[in-house]
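Take a look at the structure below.
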Amino acid sequence: MMKRNLVSIFVIGLVAGLFTVFSAIDANGQGRYVGQYSRARVDQIIREMENAADEFRRDFRNELDRSNLSGGQKRTYRNQVDNFENETDRLRSNFDRDNNWWRSRNQVQRVVNAAAPLNNTMNSIAFRRNIERQWNRLRREVNQVADTFDLPGIAGGGWQGGGGGGGGWGGGQTVNPPNWADGTFYGTGPRGEQITLTINPNGNVTANINGSVSYGRFTRGNYININGAVARVTRQGNGILTQRTDTGERIAYTRTGGGGWGGGNQASPPSWARGTFYGTGPGGERITLTIQNNGSITANIGGGMSYGYWMNGNMINIDGAIASVARLRNGISTRRNDTGEVINYRR
């Protein structure tokens with residue numbers, strides 16, 4: 001039932017189109033550290049990070065309890081730290097069960113993805129210095145694990161990036177994109193696959209290719225790095241053009257979707273629709289919907305993340321599912337265009 005809710009999370013799986021657009025490094029172990037780190041060493045690195053995550057979660061939640069933040073903010077930040085800590089636990093458990101440590105790479109990516117929103121919170125809100133120092137140490141450990149698996153980490157703390165080092169795959173620190181590269185774009189891959197590419201103001205990037213989602217970052221020089229594949233981004237009219245540095249493959253993107261993927265340019269929402277809202281999906285799943293001032297949208301549905309944007313006419317488009325938005329007294333109401341499904345949210 002979860003996948004039938006407002007944001008319509010499509011089935012997440014590996015598809016051939018993903019490898020033609022932003023290829024991941026071979027999961028059988030072709031990364032640069034496979035012949036350099038023993039399994040015992042990798043186990044130690046993951047163990048240290050997971051222990052630090054447990055400690056940070058406890059201290060961070062205690063810090064929230066003492067803070068003057070609103071109840072909605074506290075819920076959001078608790079969910080962030082809980083999601084991150086849960087992903088580190090899963091990584092530790094999965095790694096312990098598998099003799100081939102490189103197969104844990106997808107789970108490492110989930111840890112990095114879960115750390116990103118928490119990192120944004122730590123960068124934007126002032127906490128006590130001991131909490132900030134604790135996060136800085138933990139962030140370095142997360143990035144060490146990401147770098148071990150040839151994956152991009154999270155920005156901050158002087159980290160210069162890893163992930164796919166060597167052979168033109170590049171690293172580079174995450175940076176804010178220029179205005180013309182900020183937003184959601186639509187393109188078609190070489191095999192006809194439909195691509196929704198979202199470049200967020202903080203440099204985080206998501207690529208939805210026929211329903212399969214991958215994550216990356218915007219780096220200096222107007223490059224995007226997704227799962228180690230690097231492409232140069234240039235402005236093209238009201239859209240963008242990407243060209244891979246290894247294969248030269250070019251894909252043109254526009255800000256208007258097609259082929260059933262919705263459409264419309266990203267717009268700024270009215271003041272009553274900005275902020276974080278909480279609702280319940282048709283299957284009882286808890287939904288945290290955040291609508292930013294620039295129109296970017298994130299939806300946490302039972303711990304799963306999805307992304308979208310606000311459109312003119314008080315509409316939202318998340319992973320291709322479009323819904324109209326109406327104002328409520330202390331929240332908003334959404335109605336999906338295709339199914340008519342209504343979900344009420346409160347602040």
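For the structure tokens, the naming scheme is as follows: chains receive sequential letters (A, B, ...) according to their order of presentation, residues are indexed from 1 within each chain, and ligands are indexed from 1 in presentation order.
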Output as a count of residues only all residues of region 112-332 of chain A that backbone DSSP marks as strand (DSSP E or B). 91
Need the shell around Asn94 (chain A): protein/DNA/RNA residues with any atom at most 10 Å away, counting only C-alpha atoms. Skip same-chain ones fewer than 6 positions apart. Format as a PDB file with C-alpha atoms, in the first residue's frame?
ATOM      1  CA  THR A  88      24.740   1.884  10.254  1.00  0.00           C
ATOM      2  CA  TRP A 101      33.074  -7.254   1.792  1.00  0.00           C
ATOM      3  CA  ARG A 103      29.002  -6.615  -1.722  1.00  0.00           C
ATOM      4  CA  SER A 104      28.178  -4.266   1.153  1.00  0.00           C
ATOM      5  CA  GLN A 107      24.389  -0.577   2.030  1.00  0.00           C
TER       6      GLN A 107
END
Best match for closeness to Ser296 (chain A) among A:Thr184, A:Pro282, A:Asn83, A:Ala326, counting only C-alpha atoms: A:Thr184
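Pairwise distance (CA of Thr280 (chain A), CA of Gly308 (chain A)) equals 18.5 Å.
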Which one of A:Leu91, A:Val81, A:Ile318, A:Met311 sits closest to Thr121 (chain A) if you count only C-alpha atoms?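 Looking at the shortest contact to Thr121 (chain A), the residue is A:Val81.
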A:Ala299, A:Met305, A:Ile291, A:Leu197 ranked by distance to Gly331 (chain A), top pick (using only C-alpha atoms):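 Of A:Ala299, A:Met305, A:Ile291, A:Leu197, the one nearest Gly331 (chain A) is A:Ile291, counting only C-alpha atoms.
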Between CA of Asn208 (chain A) and CA of Thr196 (chain A), measure the distance and give it in Å to one decimal.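 So the answer is 5.0 Å.
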With DSSP run on the backbone, what are the alpha helix (DSSP H) residues within region 59-261 of chain A? I'd like them as a VMD selection string. chain A and resid 59 to 66 71 to 97 105 to 124 129 to 148
May I ask which of the residues A:Arg92, A:Tyr253, A:Arg335, A:Thr148 is the closest one to Gln194 (chain A), counting only C-alpha atoms? A:Tyr253
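Residue nearest Ser268 (chain A), chosen from A:Asn312, A:Asn225, A:Thr242, A:Thr247 and counting only C-alpha atoms: A:Asn312.
Nearest-residue note for Ala146 (chain A): choosing from A:Asn179, A:Asn227, A:Thr276, A:Thr198, the minimum distance belongs to A:Asn227, counting only C-alpha atoms.
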